[in-house]
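J.: See final-v4.txt below, with compact mmCIF, C-alpha atoms.
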# COMPACT_ATOMS: atom_id res chain seq x y z
CA MET I 1 13.47 14.18 35.60
CA TYR I 2 10.10 15.62 36.70
CA ASN I 3 9.48 19.11 38.03
CA GLU I 4 7.93 19.77 41.45
CA LYS I 5 4.43 20.38 40.04
CA VAL I 6 4.35 17.03 38.19
CA MET I 7 5.55 15.19 41.30
CA GLU I 8 2.99 16.95 43.52
CA VAL I 9 0.11 16.05 41.18
CA PHE I 10 1.44 12.49 40.86
CA LYS I 11 1.62 12.06 44.65
CA ASN I 12 -1.80 13.67 45.24
CA PRO I 13 -3.87 13.01 42.11
CA GLN I 14 -7.40 14.39 41.87
CA ASN I 15 -10.36 12.64 40.22
CA MET I 16 -8.92 9.15 40.41
CA GLY I 17 -11.32 6.25 39.96
CA GLU I 18 -14.49 5.82 37.97
CA VAL I 19 -17.53 8.09 37.79
CA GLU I 20 -20.65 6.43 39.18
CA ASN I 21 -23.34 6.11 36.52
CA TYR I 22 -21.03 7.46 33.83
CA ASN I 23 -22.45 8.03 30.37
CA ALA I 24 -19.11 8.45 28.59
CA ILE I 25 -15.97 6.32 28.65
CA GLY I 26 -12.76 6.57 26.67
CA THR I 27 -9.80 4.23 26.88
CA VAL I 28 -6.57 4.88 25.01
CA GLY I 29 -3.09 3.42 25.12
CA ASN I 30 0.41 3.86 23.82
CA GLU I 31 1.89 0.58 22.62
CA THR I 32 5.44 1.96 22.70
CA CYS I 33 5.53 2.78 26.41
CA GLY I 34 2.66 0.63 27.66
CA ASP I 35 0.68 3.49 29.26
CA ILE I 36 -3.09 3.01 29.32
CA MET I 37 -5.53 5.75 30.27
CA GLN I 38 -9.27 5.57 30.83
CA ILE I 39 -11.52 8.55 31.47
CA THR I 40 -15.16 8.24 32.53
CA MET I 41 -17.55 11.20 32.52
CA ARG I 42 -21.08 12.04 33.49
CA ILE I 43 -22.42 14.58 31.02
CA GLU I 44 -25.73 16.34 31.67
CA ASN I 45 -27.24 18.88 29.27
CA GLY I 46 -23.95 19.20 27.43
CA ILE I 47 -21.94 19.95 30.61
CA ILE I 48 -19.32 17.60 32.03
CA GLU I 49 -20.62 17.23 35.59
CA ASP I 50 -17.91 14.79 36.67
CA ALA I 51 -14.80 13.15 35.21
CA LYS I 52 -12.44 10.59 36.68
CA PHE I 53 -9.49 8.59 35.41
CA LYS I 54 -7.77 5.27 35.79
CA THR I 55 -4.24 5.19 34.47
CA PHE I 56 -1.67 2.45 34.18
CA GLY I 57 1.56 4.27 33.57
CA CYS I 58 4.34 6.50 34.79
CA ALA I 59 4.22 9.66 36.92
CA ALA I 60 3.71 11.83 33.83
CA ALA I 61 0.73 9.72 32.72
CA VAL I 62 -0.94 9.95 36.13
CA ALA I 63 -0.23 13.68 36.43
CA SER I 64 -1.54 14.31 32.89
CA SER I 65 -4.73 12.33 33.61
CA SER I 66 -5.38 14.12 36.88
CA THR I 67 -4.74 17.54 35.36
CA ALA I 68 -6.83 16.89 32.24
CA THR I 69 -9.87 15.70 34.20
CA GLY I 70 -9.62 18.75 36.44
CA MET I 71 -9.55 20.99 33.38
CA ILE I 72 -12.79 19.62 31.90
CA ILE I 73 -15.13 19.29 34.89
CA GLY I 74 -17.78 21.98 34.60
CA LYS I 75 -17.00 22.67 30.97
CA THR I 76 -19.26 22.09 28.00
CA VAL I 77 -18.52 19.18 25.70
CA GLU I 78 -17.40 21.69 23.06
CA GLU I 79 -15.00 23.39 25.48
CA ALA I 80 -13.57 20.03 26.58
CA LEU I 81 -12.89 19.07 22.97
CA LYS I 82 -10.67 22.17 22.71
CA VAL I 83 -8.39 21.06 25.56
CA THR I 84 -5.00 20.23 24.07
CA ASN I 85 -2.01 18.31 25.32
CA LYS I 86 -0.07 21.60 25.24
CA GLN I 87 -2.51 23.08 27.77
CA VAL I 88 -2.03 20.04 30.01
CA ILE I 89 1.75 20.49 29.77
CA THR I 90 1.39 24.18 30.63
CA GLU I 91 -0.75 23.34 33.68
CA LEU I 92 1.96 20.89 34.78
CA GLU I 93 4.66 23.54 34.20
CA GLY I 94 6.32 21.27 31.66
CA LEU I 95 7.08 17.62 30.95
CA PRO I 96 10.32 16.01 29.82
CA PRO I 97 10.40 15.64 26.01
CA GLN I 98 10.21 11.83 26.21
CA LYS I 99 7.01 12.14 28.31
CA ILE I 100 5.03 14.50 26.05
CA HIS I 101 3.08 11.48 24.74
CA CYS I 102 1.45 11.15 28.18
CA SER I 103 -0.26 14.51 27.73
CA VAL I 104 -1.35 13.42 24.24
CA LEU I 105 -2.97 10.33 25.80
CA ALA I 106 -4.97 12.61 28.11
CA GLU I 107 -6.21 14.67 25.15
CA ASP I 108 -7.04 11.48 23.23
CA ALA I 109 -8.89 9.94 26.20
CA ILE I 110 -11.09 13.04 26.54
CA ARG I 111 -11.95 12.86 22.84
CA ALA I 112 -12.59 9.10 23.02
CA ALA I 113 -14.99 9.55 25.96
CA ILE I 114 -16.87 12.35 24.19
CA ASP I 115 -17.06 10.22 21.03
CA ASP I 116 -18.52 7.42 23.16
CA TYR I 117 -21.05 9.85 24.66
CA ASN I 118 -22.11 11.09 21.24
CA LYS I 119 -22.61 7.50 20.01
CA ARG I 120 -24.73 6.70 23.06
CA MET I 121 -26.86 9.82 22.59
CA ASN I 122 -27.31 9.38 18.85
CA GLY I 123 -28.20 5.71 19.04
Written as structure tokens, that's how I'd like the structure from this file.

T.:
Amino acid sequence: MYNEKVMEVFKNPQNMGEVENYNAIGTVGNETCGDIMQITMRIENGIIEDAKFKTFGCAAAVASSSTATGMIIGKTVEEALKVTNKQVITELEGLPPQKIHCSVLAEDAIRAAIDDYNKRMNG
């Protein structure tokens, strides 16, 4: 069902856990499949210095989370907001059609964390 790249990322995920002293957190879920994804970030001067994830879900959800966090570390908040689920799928060299929603969760979790950051910064 999954290609070699997805399985490799799933077996050896990067950025798993929670960022110490995070100043942004986003948690999203998909009621249909039960996947839950949380991304924490530490943002300094508009740059995402660190990002980590906790995911309850299938191999595609874990691989999407790991890939998405890797794509945003070192980027500006504005650049991170432009990351799409299609880019995550491309990085993973494809996902089965019934697992595309996992990449959407990753995109949504990034946006939710940045929304949280903006709320914290703007009081």

J.: If I take atom CA of I:Glu31 and atom CA of I:Ala112, how far is one from the other in Å, to one decimal?

T.: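 Distance reported for this atom pair: 16.8 Å.
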
J.: Padding 6 Å on every side, please: axis-aligned box over the listed atoms of stretch 54-68 of chain I, centre and edge lengths to one decimal in Å, as AutoDock Vina command-line options.

T.:
--center_x -1.7 --center_y 10.0 --center_z 34.6 --size_x 24.1 --size_y 27.1 --size_z 16.7

J.: Find the residues of stretch 71-109 of chain I that sit at most 10 Å from stretch 113-121 of chain I; for each, write down the nearest two atoms and how far apart they are in Å, to one decimal. Count all atoms listed in the file. Sort by chain, then by number going up, and give it as a tab-separated table.

T.:
residue	atom	partner	partner_atom	distance
I:Val77	CA	I:Ile114	CA	7.2
I:Glu78	CA	I:Ile114	CA	9.4
I:Ala80	CA	I:Ile114	CA	8.7
I:Leu81	CA	I:Ile114	CA	7.9
I:Asp108	CA	I:Ala113	CA	8.6
I:Ala109	CA	I:Ala113	CA	6.1

J.: Suppose you want the space between atom CA of I:Val62 and atom CA of I:Asn3; what is it in Å?

T.: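 Taking atom CA of I:Val62 as the start and atom CA of I:Asn3 as the end point, the length is 14.0 Å.
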
J.: Taking (-15.0, 17.8, 29.2) in the file's own coordinates, collect the residues within 10 Å, counting only C-alpha atoms, and hand them back as a PyMOL selection string.

T.: chain I and resi 41-43+46-51+68-83+110-111+113-114

J.: Which residue, I:Asn122, I:Ser103, I:Asn12, I:Thr40, has the smallest gap to I:Ala24 when you use only C-alpha atoms?

T.: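 Going through I:Asn122, I:Ser103, I:Asn12, I:Thr40 one by one, the smallest distance to I:Ala24 is for I:Thr40.
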
J.: From the set I:Val88, I:Ala61, I:Met7, I:Met16, which residue has the shortest atom-to-atom contact distance to I:Asn30, counting only C-alpha atoms?

T.: I:Ala61

J.: To one decimal place, how far is atom CA of I:Cys102 from atom CA of I:Val19 in Å?

T.: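 So the answer is 21.5 Å.
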
J.: When distances are computed from only C-alpha atoms, which of I:Glu4, I:Gly57, I:Ser65, I:Phe10 shows the smallest separation from I:Gly94?

T.: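 Closest candidate: I:Glu4.
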